[in-house]
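Visitor: data_27.pdb (PDB, C-alpha atoms) pasted underneath:
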ATOM      1  CA  MET T   1       2.035  26.754-106.094
ATOM      2  CA  ALA T   2       2.715  24.758-109.242
ATOM      3  CA  HIS T   3       6.144  23.221-109.459
ATOM      4  CA  SER T   4       7.964  24.221-112.639
ATOM      5  CA  GLY T   5       9.900  20.957-112.914
ATOM      6  CA  THR T   6      12.090  20.251-115.888
ATOM      7  CA  PRO T   7      10.158  17.410-117.615
ATOM      8  CA  ALA T   8       6.766  19.159-117.607
ATOM      9  CA  VAL T   9       8.193  22.531-118.643
ATOM     10  CA  THR T  10      10.301  20.954-121.369
ATOM     11  CA  ALA T  11       7.326  18.994-122.741
ATOM     12  CA  LEU T  12       5.186  22.145-122.821
ATOM     13  CA  LEU T  13       7.998  24.091-124.511
ATOM     14  CA  HIS T  14       8.308  21.419-127.198
ATOM     15  CA  ALA T  15       4.543  21.487-127.781
ATOM     16  CA  TRP T  16       4.619  25.294-127.969
ATOM     17  CA  ALA T  17       7.524  25.145-130.444
ATOM     18  CA  ALA T  18       5.356  22.835-132.556
ATOM     19  CA  GLY T  19       2.640  25.504-132.629
ATOM     20  CA  ASP T  20       0.407  24.437-129.720
ATOM     21  CA  VAL T  21      -0.844  27.740-128.278
ATOM     22  CA  GLU T  22      -2.705  25.904-125.518
ATOM     23  CA  ALA T  23       0.623  24.399-124.376
ATOM     24  CA  ARG T  24       2.072  27.916-124.243
ATOM     25  CA  ASP T  25      -0.761  29.039-121.974
ATOM     26  CA  ARG T  26      -0.380  25.951-119.725
ATOM     27  CA  LEU T  27       3.361  26.613-119.576
ATOM     28  CA  PHE T  28       2.869  30.149-118.314
ATOM     29  CA  SER T  29       0.302  29.001-115.769
ATOM     30  CA  GLN T  30       2.855  26.510-114.505
ATOM     31  CA  VAL T  31       5.869  28.866-114.338
ATOM     32  CA  TYR T  32       4.053  32.090-113.401
ATOM     33  CA  ALA T  33       4.669  31.844-109.643
ATOM     34  CA  ASP T  34       8.352  31.076-110.213
ATOM     35  CA  LEU T  35       8.767  34.020-112.627
ATOM     36  CA  ARG T  36       6.900  36.329-110.242
ATOM     37  CA  ARG T  37       9.125  35.308-107.324
ATOM     38  CA  ARG T  38      12.205  36.042-109.404
ATOM     39  CA  ALA T  39      10.820  39.400-110.562
ATOM     40  CA  ALA T  40      10.012  40.339-106.947
ATOM     41  CA  ARG T  41      13.575  39.555-105.876
ATOM     42  CA  TYR T  42      14.976  41.830-108.530
ATOM     43  CA  LEU T  43      12.494  44.672-108.001
ATOM     44  CA  ARG T  44      13.330  44.819-104.288
ATOM     45  CA  ARG T  45      16.665  46.283-105.433
ATOM     46  CA  GLU T  46      15.050  48.966-107.609
ATOM     47  CA  ARG T  47      14.773  52.593-106.616
ATOM     48  CA  PRO T  48      12.112  53.185-103.928
ATOM     49  CA  ASP T  49       9.764  55.208-106.145
ATOM     50  CA  HIS T  50       9.697  52.560-108.865
ATOM     51  CA  SER T  51       6.102  51.879-109.906
ATOM     52  CA  LEU T  52       6.638  48.526-111.633
ATOM     53  CA  GLN T  53       5.240  45.579-109.688
ATOM     54  CA  PRO T  54       6.495  41.977-110.026
ATOM     55  CA  ALA T  55       3.275  40.903-111.765
ATOM     56  CA  ASP T  56       3.664  43.783-114.245
ATOM     57  CA  LEU T  57       7.228  42.735-115.040
ATOM     58  CA  VAL T  58       6.193  39.095-115.534
ATOM     59  CA  HIS T  59       3.216  40.075-117.722
ATOM     60  CA  GLU T  60       5.353  42.325-119.895
ATOM     61  CA  ALA T  61       7.970  39.572-120.194
ATOM     62  CA  TYR T  62       5.173  37.133-121.097
ATOM     63  CA  LEU T  63       4.019  39.411-123.916
ATOM     64  CA  ARG T  64       7.549  39.643-125.266
ATOM     65  CA  LEU T  65       8.140  35.906-124.913
ATOM     66  CA  THR T  66       4.934  35.012-126.749
ATOM     67  CA  GLY T  67       5.999  37.317-129.545
ATOM     68  CA  GLN T  68       9.179  35.323-130.125
ATOM     69  CA  GLN T  69       8.819  33.738-133.551
ATOM     70  CA  ARG T  70      12.389  32.613-134.161
ATOM     71  CA  VAL T  71      13.051  30.760-130.903
ATOM     72  CA  ALA T  72      13.253  26.985-131.143
ATOM     73  CA  TRP T  73      12.187  26.243-127.565
ATOM     74  CA  GLN T  74      14.291  23.402-126.219
ATOM     75  CA  ASN T  75      14.229  23.161-122.430
ATOM     76  CA  ARG T  76      13.567  24.806-119.077
ATOM     77  CA  SER T  77      17.090  26.224-118.940
ATOM     78  CA  GLN T  78      16.724  28.028-122.240
ATOM     79  CA  PHE T  79      13.267  29.326-121.298
ATOM     80  CA  PHE T  80      14.354  30.815-117.963
ATOM     81  CA  GLY T  81      17.480  32.230-119.575
ATOM     82  CA  ILE T  82      15.420  34.025-122.217
ATOM     83  CA  ALA T  83      12.872  35.123-119.601
ATOM     84  CA  SER T  84      15.730  36.660-117.557
ATOM     85  CA  GLN T  85      16.987  38.478-120.657
ATOM     86  CA  MET T  86      13.477  39.810-121.311
ATOM     87  CA  MET T  87      13.146  41.106-117.747
ATOM     88  CA  ARG T  88      16.528  42.815-118.057
ATOM     89  CA  ARG T  89      15.526  44.451-121.359
ATOM     90  CA  ILE T  90      12.203  45.623-119.925
ATOM     91  CA  LEU T  91      13.918  47.256-116.955
ATOM     92  CA  VAL T  92      16.576  48.858-119.156
ATOM     93  CA  ASP T  93      13.918  50.120-121.597
ATOM     94  CA  ARG T  94      11.950  51.612-118.705
ATOM     95  CA  ALA T  95      15.100  53.232-117.320
ATOM     96  CA  ARG T  96      15.847  54.773-120.721
ATOM     97  CA  ALA T  97      12.279  56.047-121.043
ATOM     98  CA  HIS T  98      12.356  57.428-117.509
ATOM     99  CA  GLN T  99      15.683  59.129-118.137
ATOM    100  CA  ALA T 100      14.460  60.652-121.387
ATOM    101  CA  ALA T 101      11.313  61.933-119.680
ATOM    102  CA  LYS T 102      13.200  63.663-116.887
ATOM    103  CA  ARG T 103      14.171  67.222-117.675
ATOM    104  CA  SER T 104      16.552  67.486-114.719
ATOM    105  CA  GLY T 105      19.044  65.054-116.239
ATOM    106  CA  GLN T 106      19.070  62.835-113.147
ATOM    107  CA  TRP T 107      19.978  59.200-113.675
ATOM    108  CA  LEU T 108      17.613  56.437-112.673
ATOM    109  CA  THR T 109      19.243  54.431-109.904
ATOM    110  CA  VAL T 110      18.958  50.939-108.525
ATOM    111  CA  THR T 111      20.616  49.667-105.389
ATOM    112  CA  LEU T 112      23.105  46.873-105.734
ATOM    113  CA  ASP T 113      22.650  44.476-102.874
ATOM    114  CA  GLU T 114      25.532  43.321-100.755
ATOM    115  CA  GLY T 115      25.548  40.082-102.750
ATOM    116  CA  ILE T 116      26.872  41.982-105.771
ATOM    117  CA  VAL T 117      29.672  43.873-104.055
ATOM    118  CA  HIS T 118      31.725  43.114-100.966
ATOM    119  CA  SER T 119      31.633  46.649 -99.626
ATOM    120  CA  PRO T 120      28.726  48.672 -98.252
ATOM    121  CA  PRO T 121      25.829  48.846-100.721
ATOM    122  CA  ARG T 122      26.007  51.716-103.178
ATOM    123  CA  THR T 123      23.740  52.891-105.915
ATOM    124  CA  CYS T 124      24.525  52.679-109.587
ATOM    125  CA  GLU T 125      22.661  53.595-112.702
ATOM    126  CA  VAL T 126      20.666  50.762-114.241
ATOM    127  CA  LEU T 127      21.864  51.879-117.665
ATOM    128  CA  ALA T 128      25.490  51.840-116.520
ATOM    129  CA  LEU T 129      24.935  48.374-115.083
ATOM    130  CA  ASP T 130      23.456  47.232-118.388
ATOM    131  CA  ARG T 131      26.448  48.627-120.327
ATOM    132  CA  ALA T 132      28.919  47.035-117.924
ATOM    133  CA  LEU T 133      27.109  43.696-118.122
ATOM    134  CA  THR T 134      27.174  43.886-121.926
ATOM    135  CA  GLU T 135      30.946  44.505-121.779
ATOM    136  CA  LEU T 136      31.427  41.606-119.357
ATOM    137  CA  THR T 137      29.395  39.296-121.593
ATOM    138  CA  ALA T 138      31.590  40.220-124.559
ATOM    139  CA  LEU T 139      34.676  39.304-122.502
ATOM    140  CA  ASP T 140      33.250  36.204-120.841
ATOM    141  CA  PRO T 141      29.809  35.026-122.003
ATOM    142  CA  ARG T 142      29.384  32.533-119.154
ATOM    143  CA  GLN T 143      30.082  35.143-116.480
ATOM    144  CA  GLY T 144      27.608  37.458-118.211
ATOM    145  CA  ARG T 145      24.954  34.714-118.146
ATOM    146  CA  VAL T 146      25.666  33.978-114.483
ATOM    147  CA  VAL T 147      25.128  37.649-113.583
ATOM    148  CA  GLU T 148      22.032  37.893-115.746
ATOM    149  CA  LEU T 149      20.469  34.795-114.224
ATOM    150  CA  ARG T 150      21.451  35.634-110.643
ATOM    151  CA  TYR T 151      20.820  39.388-110.635
ATOM    152  CA  PHE T 152      18.095  39.916-113.229
ATOM    153  CA  GLY T 153      16.569  36.446-113.018
ATOM    154  CA  GLY T 154      16.808  36.126-109.238
ATOM    155  CA  LEU T 155      18.123  32.552-109.401
ATOM    156  CA  SER T 156      20.048  30.911-106.578
ATOM    157  CA  LEU T 157      23.525  29.428-107.087
ATOM    158  CA  GLU T 158      21.993  25.965-107.396
ATOM    159  CA  GLU T 159      19.296  27.067-109.868
ATOM    160  CA  THR T 160      21.892  28.876-111.978
ATOM    161  CA  ALA T 161      24.142  25.808-111.972
ATOM    162  CA  SER T 162      21.260  23.604-113.058
ATOM    163  CA  LEU T 163      20.183  25.953-115.838
ATOM    164  CA  LEU T 164      23.718  26.404-117.186
ATOM    165  CA  ASP T 165      24.576  22.730-116.692
ATOM    166  CA  ILE T 166      27.672  23.511-114.617
ATOM    167  CA  SER T 167      28.545  22.802-110.988
ATOM    168  CA  PRO T 168      27.469  25.115-108.156
ATOM    169  CA  THR T 169      31.174  25.549-107.361
ATOM    170  CA  THR T 170      31.791  26.852-110.873
ATOM    171  CA  VAL T 171      28.819  29.218-110.591
ATOM    172  CA  LYS T 172      30.113  30.479-107.245
ATOM    173  CA  ARG T 173      33.564  31.121-108.711
ATOM    174  CA  GLU T 174      32.192  32.810-111.860
ATOM    175  CA  TRP T 175      29.772  34.892-109.747
ATOM    176  CA  ARG T 176      32.597  36.057-107.468
ATOM    177  CA  ILE T 177      34.841  37.024-110.407
ATOM    178  CA  ALA T 178      31.981  38.728-112.279
ATOM    179  CA  LYS T 179      30.928  40.730-109.204
ATOM    180  CA  ALA T 180      34.484  41.964-108.713
ATOM    181  CA  TRP T 181      34.785  42.898-112.398
ATOM    182  CA  LEU T 182      31.438  44.740-112.383
ATOM    183  CA  TYR T 183      32.287  46.537-109.162
ATOM    184  CA  ARG T 184      35.586  47.761-110.623
ATOM    185  CA  ARG T 185      33.929  48.738-113.908
ATOM    186  CA  LEU T 186      31.086  50.615-112.221
ATOM    187  CA  SER T 187      33.486  52.290-109.783
ATOM    188  CA  MET T 188      35.416  53.712-112.744
ATOM    189  CA  ARG T 189      32.307  55.551-113.969
ATOM    190  CA  PRO T 190      31.848  59.096-112.669
ATOM    191  CA  GLN T 191      28.738  59.715-110.619
ATOM    192  CA  GLY T 192      25.973  61.498-112.492
ATOM    193  CA  ARG T 193      25.992  61.868-116.226
ATOM    194  CA  GLU T 194      28.598  60.269-118.399
TER     195      GLU T 194
END
Could you write out this file's structure as structure tokens?
Guide:
Amino acid sequence: MAHSGTPAVTALLHAWAAGDVEARDRLFSQVYADLRRRAARYLRRERPDHSLQPADLVHEAYLRLTGQQRVAWQNRSQFFGIASQMMRRILVDRARAHQAAKRSGQWLTVTLDEGIVHSPPRTCEVLALDRALTELTALDPRQGRVVELRYFGGLSLEETASLLDISPTTVKREWRIAKAWLYRRLSMRPQGRE
């Protein structure tokens, strides 16, 4: 498995930003396994009948990332942050499409793992989670990024700290506060349709 270390990824991102399409392709070859591992972690929490596979999520994110014309690629941190945002958007878009296609009006659900809440796992709607995360990000952008990177990006505390250039202790504190806020916010929502 190729190691997606900071210097090599950053150099490839800079070359890609300068228009080197070959560097873009080398970059994705280098980070593919890491992105796939992160996608697999997230998809394990999806509803059981979900048909999206980790490779599918990574490939769709790749297509969206390569279509980015206005991004001035700077470093590994920025790349993985944007990749996490893309994965989140893909899953939310699929949830919206699935919801629209269902005539019964049922909500698409994902299971929050015990790392998100400190009580027994419960299900919540992926769209409600997206709305709550958007609200949290408006209140505290760093907490929103921590949740996005940890939950949607599948990053560890240490990886998140490195990418955000903050200490693991700060990430742990922000993660704990954000989880509590999201739990309260999602608990306020009635089950079923809003």
Visitor: Just to confirm, what's the straight-line distance from atom CA of T:Tyr42 to atom CA of T:Leu91 in Å (one decimal)?
Guide: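 A separation of 10.1 Å between them.
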Visitor: Determine the axis-aligned bounding box of all atoms of stretch 55-61 of chain T present in the file, pad each side by 3 Å, and express its centre and edge lengths in Å to one decimal place as JSON.
Guide:
{"center_x": 5.6, "center_y": 41.4, "center_z": -116.0, "size_x": 10.8, "size_y": 10.7, "size_z": 14.4}
Visitor: Between T:Glu148, T:Asp25, T:Glu158, T:Asp20, which has the minimum distance to T:Lys179 (counting all atoms listed in the file)?
Guide: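 Going through T:Glu148, T:Asp25, T:Glu158, T:Asp20 one by one, the smallest distance to T:Lys179 is for T:Glu148.
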Visitor: Once the PyMOL selection byres ((chain T and resi 33) around 12) is applied to the coordinates I shared, what remains selected? I want it as number ranges by chain.
Guide: T: 1-4, 27-32, 34-40, 54-55, 58-59
Visitor: Calculate how many Å separate atom CA of T:Val147 from atom CA of T:Ile177, rounding to one decimal.
Guide: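 A separation of 10.2 Å between them.
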Visitor: With only C-alpha atoms as the basis for distance, which of T:Arg70, T:Arg41, T:Phe79, T:Leu139 is at the shortest distance from T:Arg24?
Guide: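 Under the stated criterion, the closest residue is T:Phe79.
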Visitor: Quick check, in Å to one decimal: how far apart do atom CA of T:Gln78 and atom CA of T:Arg184 lie?
Guide: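 Separating atom CA of T:Gln78 from atom CA of T:Arg184 is a distance of 29.7 Å.
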Visitor: So, counting only C-alpha atoms, which residue among T:Arg131, T:Arg26, T:Arg150, T:Arg76 is closest to T:Arg176?
Guide: T:Arg150
Visitor: So, counting all atoms listed in the file, which residue among T:Met86, T:Val171, T:Ile166, T:Leu186 is closest to T:Leu133?
Guide: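 Using all atoms listed in the file, T:Leu133 sits closest to T:Leu186.
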Visitor: Taking the file as shown, find all residues satisfying the PyMOL selection byres ((chain T and resi 85) around 12) and write them as a ChimeraX atom specification.
Guide: /T:39,58,61-62,64-65,78-84,86-92,130,133-134,144-154
Visitor: Measuring atom to atom with only C-alpha atoms, identify which of T:Thr10, T:Gln53, T:Thr137, T:Gln99 is nearest to T:Asn75.
Guide: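 Once distances to T:Asn75 are computed over only C-alpha atoms, the minimum belongs to T:Thr10.
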Visitor: With all atoms listed in the file as the basis for distance, which of T:Ala72, T:Val126, T:Ala138, T:Ala161 is at the shortest distance from T:Leu43?
Guide: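 Checking each of T:Ala72, T:Val126, T:Ala138, T:Ala161 against T:Leu43, counting all atoms listed in the file, the winner is T:Val126.
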Visitor: For the file shown, report as a PyMOL selection string the outcome of the PyMOL selection byres ((chain T and resi 17) around 10) at residue level.
Guide: chain T and resi 11-16+18-21+23-24+69-74
